[in-house]
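File shown here: entry_34.cif, holding mmCIF, C-alpha atoms.
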```
data_target
loop_
_atom_site.label_atom_id
_atom_site.label_comp_id
_atom_site.auth_asym_id
_atom_site.auth_seq_id
_atom_site.Cartn_x
_atom_site.Cartn_y
_atom_site.Cartn_z
CA MET L 19 0.00 0.00 0.00
CA LEU L 20 2.77 2.42 0.99
CA LYS L 21 4.65 1.55 -2.21
CA LYS L 22 1.59 2.40 -4.32
CA ILE L 23 1.18 5.74 -2.54
CA LYS L 24 4.84 6.60 -3.22
CA GLU L 25 4.46 5.65 -6.88
CA LYS L 26 1.33 7.80 -7.19
CA TYR L 27 3.15 10.68 -5.51
CA LYS L 28 6.07 10.45 -7.98
CA GLU L 29 3.74 10.06 -10.94
CA ALA L 30 1.85 13.24 -10.00
CA PHE L 31 5.00 15.29 -10.65
CA PHE L 32 5.02 14.31 -14.35
CA LEU L 33 1.56 13.01 -15.31
CA THR L 34 -0.24 15.84 -13.59
CA SER L 35 -3.67 15.57 -11.99
CA ALA L 36 -5.72 17.42 -9.38
CA LEU L 37 -3.37 15.97 -6.75
CA SER L 38 -0.42 17.75 -8.38
CA ILE L 39 -1.88 21.19 -7.62
CA PHE L 40 -1.65 20.40 -3.90
CA ILE L 41 1.79 18.80 -3.72
CA SER L 42 3.92 19.90 -6.66
CA PRO L 43 5.99 23.10 -6.65
CA VAL L 44 6.58 22.45 -10.37
CA TYR L 45 2.92 21.87 -11.19
CA ILE L 46 2.73 24.71 -13.74
CA VAL L 47 5.71 23.66 -15.84
CA ARG L 48 4.93 19.94 -15.63
CA ASN L 49 1.22 20.41 -16.37
CA GLY L 50 2.05 22.44 -19.47
CA LEU L 51 4.48 19.76 -20.64
CA TYR L 52 2.13 16.88 -19.90
CA LYS L 53 -0.83 18.40 -21.76
CA SER L 54 1.25 19.49 -24.77
CA ILE L 55 3.04 16.14 -25.10
CA LYS L 56 -0.20 14.21 -24.65
CA ASN L 57 -1.89 16.27 -27.37
CA GLN L 58 0.83 15.29 -29.86
CA SER L 59 1.39 11.71 -28.69
CA SER L 60 -1.03 10.09 -31.14
CA LYS L 61 1.19 11.25 -34.03
CA ILE L 62 4.14 9.28 -32.61
CA GLN L 63 3.98 5.59 -33.48
CA GLY L 64 5.85 2.45 -34.49
CA ASN L 65 9.34 1.80 -33.17
CA ILE L 66 10.14 4.77 -30.94
CA LEU L 67 13.49 5.99 -29.62
CA ASP L 68 13.52 8.07 -26.43
CA PHE L 69 16.72 10.12 -26.65
CA GLY L 70 18.03 11.00 -23.16
CA CYS L 71 15.27 8.87 -21.68
CA GLY L 72 16.05 8.98 -17.95
CA SER L 73 13.10 7.34 -16.18
CA LYS L 74 10.89 7.46 -19.34
CA PRO L 75 8.24 9.58 -17.55
CA TYR L 76 5.99 9.97 -20.61
CA GLU L 77 6.24 6.46 -22.08
CA SER L 78 2.65 5.60 -21.12
CA LEU L 79 1.32 8.39 -23.37
CA PHE L 80 2.54 6.69 -26.53
CA THR L 81 -0.15 4.09 -27.01
CA ASN L 82 0.71 3.63 -30.71
CA ALA L 83 4.21 2.39 -29.93
CA LYS L 84 5.33 -0.97 -31.30
CA SER L 85 8.52 -0.70 -29.24
CA TYR L 86 9.90 2.01 -26.94
CA ILE L 87 13.69 2.09 -26.56
CA GLY L 88 15.54 4.52 -24.29
CA VAL L 89 19.11 5.76 -24.68
CA ASP L 90 21.12 8.01 -22.40
CA ILE L 91 24.70 8.89 -21.55
CA GLU L 92 26.23 7.31 -18.47
CA ILE L 93 27.86 10.43 -17.01
CA SER L 94 25.41 13.31 -16.74
CA GLY L 95 24.02 15.80 -14.24
CA HIS L 96 21.77 13.19 -12.62
CA CYS L 97 22.25 9.69 -11.27
CA HIS L 98 20.59 6.78 -13.02
CA LYS L 99 19.18 5.15 -9.89
CA GLU L 100 15.61 5.44 -11.18
CA SER L 101 16.45 5.49 -14.89
CA LYS L 102 15.08 2.99 -17.39
CA VAL L 103 17.91 3.12 -19.89
CA ASP L 104 18.08 0.35 -22.48
CA TYR L 105 21.33 1.53 -24.07
CA PHE L 106 24.06 3.90 -22.97
CA PHE L 107 25.96 5.70 -25.72
CA ASP L 108 29.06 7.85 -26.05
CA ASP L 109 27.35 11.22 -26.69
CA LYS L 110 28.39 11.04 -30.33
CA THR L 111 27.09 7.94 -32.13
CA LEU L 112 23.77 6.23 -31.45
CA PRO L 113 24.09 2.40 -31.43
CA PHE L 114 21.54 1.84 -34.22
CA PRO L 115 21.65 1.52 -38.01
CA ASP L 116 20.43 4.19 -40.44
CA ASN L 117 16.66 4.66 -40.88
CA TYR L 118 15.88 2.37 -37.93
CA PHE L 119 13.14 4.20 -35.98
CA ASP L 120 9.69 5.38 -37.03
CA SER L 121 9.73 8.15 -34.41
CA VAL L 122 12.10 9.81 -31.95
CA VAL L 123 11.12 11.65 -28.77
CA SER L 124 13.30 13.67 -26.41
CA PHE L 125 12.07 15.56 -23.36
CA GLU L 126 14.08 18.22 -21.50
CA VAL L 127 17.36 17.00 -22.98
CA PHE L 128 18.56 19.36 -25.72
CA GLU L 129 19.65 22.01 -23.19
CA HIS L 130 22.17 19.44 -21.91
CA VAL L 131 23.62 18.73 -25.36
CA PHE L 132 26.72 20.81 -26.09
CA ASN L 133 27.19 19.46 -29.63
CA ILE L 134 23.61 20.15 -30.66
CA ASP L 135 24.00 20.11 -34.47
CA GLU L 136 26.02 16.91 -34.31
CA MET L 137 23.39 15.15 -32.19
CA VAL L 138 20.38 16.40 -34.19
CA SER L 139 22.13 15.07 -37.31
CA GLU L 140 22.68 11.74 -35.54
CA ILE L 141 19.01 11.57 -34.54
CA ARG L 142 18.12 12.25 -38.17
CA ARG L 143 20.37 9.39 -39.28
CA VAL L 144 18.53 6.73 -37.22
CA LEU L 145 15.09 8.10 -38.13
CA LYS L 146 13.22 6.78 -41.17
CA PRO L 147 12.32 9.18 -44.02
CA ASN L 148 9.23 11.17 -42.98
CA GLY L 149 9.74 9.89 -39.42
CA GLN L 150 8.44 12.14 -36.65
CA LEU L 151 10.55 13.92 -34.03
CA LEU L 152 8.86 15.21 -30.87
CA ILE L 153 10.93 17.17 -28.35
CA SER L 154 10.49 19.51 -25.40
CA ILE L 155 13.00 22.12 -24.28
CA PRO L 156 12.98 24.68 -21.43
CA PHE L 157 13.14 28.43 -21.90
CA ALA L 158 12.37 30.08 -18.53
CA TRP L 159 14.14 27.81 -16.06
CA GLU L 160 17.10 27.90 -13.71
CA GLU L 161 20.41 26.16 -14.37
CA HIS L 162 20.11 22.49 -13.45
CA GLU L 163 22.05 19.23 -13.62
CA ILE L 164 25.15 21.38 -13.29
CA PRO L 165 27.66 21.44 -14.92
CA TYR L 166 25.82 19.76 -17.82
CA ASP L 167 23.45 22.62 -18.62
CA PHE L 168 24.56 24.40 -21.76
CA ALA L 169 21.75 26.29 -23.49
CA ARG L 170 18.27 27.82 -23.61
CA TYR L 171 16.54 28.09 -26.99
CA THR L 172 13.94 30.57 -28.15
CA SER L 173 11.19 29.18 -30.37
CA HIS L 174 12.98 30.72 -33.37
CA GLY L 175 16.34 29.32 -32.32
CA ILE L 176 15.21 25.69 -32.10
CA LYS L 177 13.25 26.04 -35.36
CA HIS L 178 16.42 27.24 -37.09
CA ILE L 179 18.50 24.33 -35.73
CA LEU L 180 15.95 21.71 -36.82
CA GLU L 181 15.43 23.17 -40.28
CA ALA L 182 19.20 23.48 -40.80
CA ASN L 183 19.40 19.73 -40.09
CA LYS L 184 16.70 18.89 -42.68
CA PHE L 185 13.64 18.59 -40.48
CA GLU L 186 10.48 20.17 -41.87
CA SER L 187 6.94 21.24 -40.94
CA VAL L 188 8.11 22.41 -37.55
CA LYS L 189 5.18 22.86 -35.16
CA ILE L 190 6.01 24.75 -31.98
CA ILE L 191 3.77 24.83 -28.91
CA LYS L 192 4.59 27.16 -26.02
CA THR L 193 3.46 25.27 -22.94
CA THR L 194 2.58 28.22 -20.68
CA THR L 195 1.55 31.84 -20.84
CA TYR L 196 3.80 34.72 -19.76
CA ILE L 197 2.13 35.06 -16.34
CA MET L 198 2.17 31.30 -15.65
CA ALA L 199 5.89 31.13 -16.45
CA ALA L 200 6.61 34.08 -14.15
CA CYS L 201 4.54 32.48 -11.36
CA GLN L 202 6.32 29.14 -11.83
CA VAL L 203 9.75 30.75 -11.52
CA PHE L 204 8.64 32.41 -8.26
CA ILE L 205 7.12 29.20 -6.84
CA ASN L 206 10.22 27.21 -7.70
CA TYR L 207 12.43 29.83 -6.00
CA PHE L 208 10.18 29.94 -2.93
CA SER L 209 10.03 26.15 -2.65
CA ASN L 210 13.79 25.60 -3.04
CA TYR L 211 15.28 28.58 -1.25
CA VAL L 212 12.72 29.94 1.26
CA LEU L 213 10.69 27.03 2.65
CA PRO L 214 12.42 24.81 5.22
CA GLY L 215 14.12 21.65 3.98
CA GLY L 216 13.91 18.14 5.32
CA LYS L 217 11.81 15.15 4.37
CA VAL L 218 8.97 15.72 6.87
CA LEU L 219 9.06 19.46 7.62
CA GLY L 220 9.80 20.33 4.00
CA ARG L 221 6.87 18.34 2.61
CA PHE L 222 4.50 19.60 5.30
CA SER L 223 5.40 23.23 4.63
CA GLN L 224 4.93 22.68 0.90
CA LEU L 225 1.45 21.28 1.49
CA LEU L 226 0.56 24.48 3.35
CA VAL L 227 2.11 26.89 0.84
CA ILE L 228 2.29 25.30 -2.63
CA PHE L 229 -1.43 24.78 -3.16
CA PRO L 230 -2.37 28.45 -2.49
CA LEU L 231 0.46 29.64 -4.77
CA ASN L 232 -0.60 27.30 -7.57
CA LEU L 233 -4.22 28.41 -7.13
CA ILE L 234 -3.29 32.11 -7.22
CA SER L 235 -1.27 31.49 -10.39
CA LEU L 236 -4.24 29.86 -12.12
CA LEU L 237 -6.47 32.74 -11.06
CA LEU L 238 -4.04 35.38 -12.34
CA ASN L 239 -3.74 33.51 -15.63
CA PHE L 240 -7.54 33.54 -15.96
CA ILE L 241 -7.83 37.27 -15.24
CA LEU L 242 -4.80 38.78 -16.99
CA PRO L 243 -4.19 39.08 -20.77
CA LYS L 244 -2.62 36.01 -22.38
CA ARG L 245 0.90 36.68 -23.67
CA TYR L 246 3.48 34.15 -24.88
CA GLU L 247 6.74 36.08 -25.26
CA TYR L 248 7.90 34.51 -21.99
CA PHE L 249 7.14 30.83 -21.39
CA CYS L 250 8.37 27.77 -19.53
CA ASN L 251 8.90 25.31 -22.39
CA CYS L 252 8.49 24.59 -26.07
CA VAL L 253 7.12 21.31 -27.36
CA VAL L 254 8.23 20.83 -30.95
CA LEU L 255 6.93 18.38 -33.55
CA CYS L 256 8.59 17.97 -36.93
CA ARG L 257 9.51 15.29 -39.46
CA LYS L 258 12.62 14.17 -41.27
CA GLN L 259 12.84 15.30 -44.87
CA ARG L 260 13.31 12.60 -47.46
#
```
Full structure transcribed into structure tokens:
Amino acid sequence: MLKKIKEKYKEAFFLTSALSIFISPVYIVRNGLYKSIKNQSSKIQGNILDFGCGSKPYESLFTNAKSYIGVDIEISGHCHKESKVDYFFDDKTLPFPDNYFDSVVSFEVFEHVFNIDEMVSEIRRVLKPNGQLLISIPFAWEEHEIPYDFARYTSHGIKHILEANKFESVKIIKTTTYIMAACQVFINYFSNYVLPGGKVLGRFSQLLVIFPLNLISLLLNFILPKRYEYFCNCVVLCRKQR
């Protein structure tokens, strides 16, 4: 029973629900990601590669998958204790033949890739002609997984990189509004650097504070004009040119 509760608690941080509003200081960013990825998931099918897979938090969304294979690098800014990596690679060459996958997904990874053009080209190599690529990247977020955090991309910047590497029909979805992104940055700061730490006291204080802050953010977003010049993340869908 306790194990199931812990699993539900962890799941609520990625696959957001009503519970997430109460317990998650990253509810805004994760809810935007979850909804945007879910909305595009039906277009991703066949043999799927998850590039930089980590724990494969969104695998369950891809119901049209024939297979779902995860790759990652062994030395990164996070430990692989809870990872579900099928193959480790050397950060240069993916261990698959040309035109192998029907689709490739990659979530919150490209900011950690220093050799971005080289890796996008490598992803293109293992993707079949007209194969789909679905990625998410942060824009308004603090440095993380230090020292392996190298870049932030505007919507125009990532579009340019993908098109330069022969991906077409780039669809870009900004996952939050301006005000939601600003609120999320504040909540994340408050949770990490103001509220007390510790397993028990920290979680208790978050229960008292995080829900009201999330609720206020949703209310402000409802009242104020919707702007998208500032946002938490982009979700990008494109396909490999023939």
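The residues caught by the PyMOL selection byres ((chain L and resi 78) around 12) in this file are Glu29, Phe32, Leu33, Tyr52, Ile55, Lys56, Ser59, Ser60, Ser73, Lys74, Pro75, Tyr76, Glu77, Leu79, Phe80, Thr81, Asn82, Ala83, Ser85 and Tyr86 of chain L.
Evaluated against the shown file, the PyMOL selection byres ((chain L and resi 156) around 6) gives Ile155, Phe157, Cys250 and Asn251 of chain L.
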Starting from the shown file, work through the PyMOL selection byres ((chain L and resi 159) around 12) and note down what comes out as a PyMOL selection string.
chain L and resi 44+47+126+129+155-158+160-163+167+169-171+199-207+248-252
Got time to write the residues from that selection, C-alpha atoms, as a short mmCIF file (atom, residue, chain, number, x, y, z; two decimals), in the coordinates of the input?
```cif
data_model
loop_
_atom_site.label_atom_id
_atom_site.label_comp_id
_atom_site.auth_asym_id
_atom_site.auth_seq_id
_atom_site.Cartn_x
_atom_site.Cartn_y
_atom_site.Cartn_z
CA VAL L 44 6.58 22.45 -10.37
CA VAL L 47 5.71 23.66 -15.84
CA GLU L 126 14.08 18.22 -21.50
CA GLU L 129 19.65 22.01 -23.19
CA ILE L 155 13.00 22.12 -24.28
CA PRO L 156 12.98 24.68 -21.43
CA PHE L 157 13.14 28.43 -21.90
CA ALA L 158 12.37 30.08 -18.53
CA GLU L 160 17.10 27.90 -13.71
CA GLU L 161 20.41 26.16 -14.37
CA HIS L 162 20.11 22.49 -13.45
CA GLU L 163 22.05 19.23 -13.62
CA ASP L 167 23.45 22.62 -18.62
CA ALA L 169 21.75 26.29 -23.49
CA ARG L 170 18.27 27.82 -23.61
CA TYR L 171 16.54 28.09 -26.99
CA ALA L 199 5.89 31.13 -16.45
CA ALA L 200 6.61 34.08 -14.15
CA CYS L 201 4.54 32.48 -11.36
CA GLN L 202 6.32 29.14 -11.83
CA VAL L 203 9.75 30.75 -11.52
CA PHE L 204 8.64 32.41 -8.26
CA ILE L 205 7.12 29.20 -6.84
CA ASN L 206 10.22 27.21 -7.70
CA TYR L 207 12.43 29.83 -6.00
CA TYR L 248 7.90 34.51 -21.99
CA PHE L 249 7.14 30.83 -21.39
CA CYS L 250 8.37 27.77 -19.53
CA ASN L 251 8.90 25.31 -22.39
CA CYS L 252 8.49 24.59 -26.07
#
```
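If all atoms listed in the file are the atoms counted, then among L:Val254, L:Met198, L:Leu152, L:Ile191 the closest residue to Leu231 of chain L is L:Met198.
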Pick from L:His96, L:Arg143, L:Lys192, L:Lys244 nearest to Gly50 of chain L, counting only C-alpha atoms:
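With only C-alpha atoms as the atom set, the closest residue is L:Lys192.
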Using only C-alpha atoms, which of L:Lys184, L:Lys110, L:Arg221, L:Arg48 sits nearest Gly149 of chain L?
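Once distances to Gly149 of chain L are computed over only C-alpha atoms, the minimum belongs to L:Lys184.
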Distance atom CA of Lys99 of chain L-atom CA of Arg142 of chain L, one decimal place?
29.2 Å
Quick one: residues within 10 Å of Pro113 of chain L, all atoms listed in the file counted, chain neighbours fewer than 6 positions away excluded, as a list in words?
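Non-adjacent residues within range: Val89, Tyr105, Phe106, Phe107 and Val144 of chain L.
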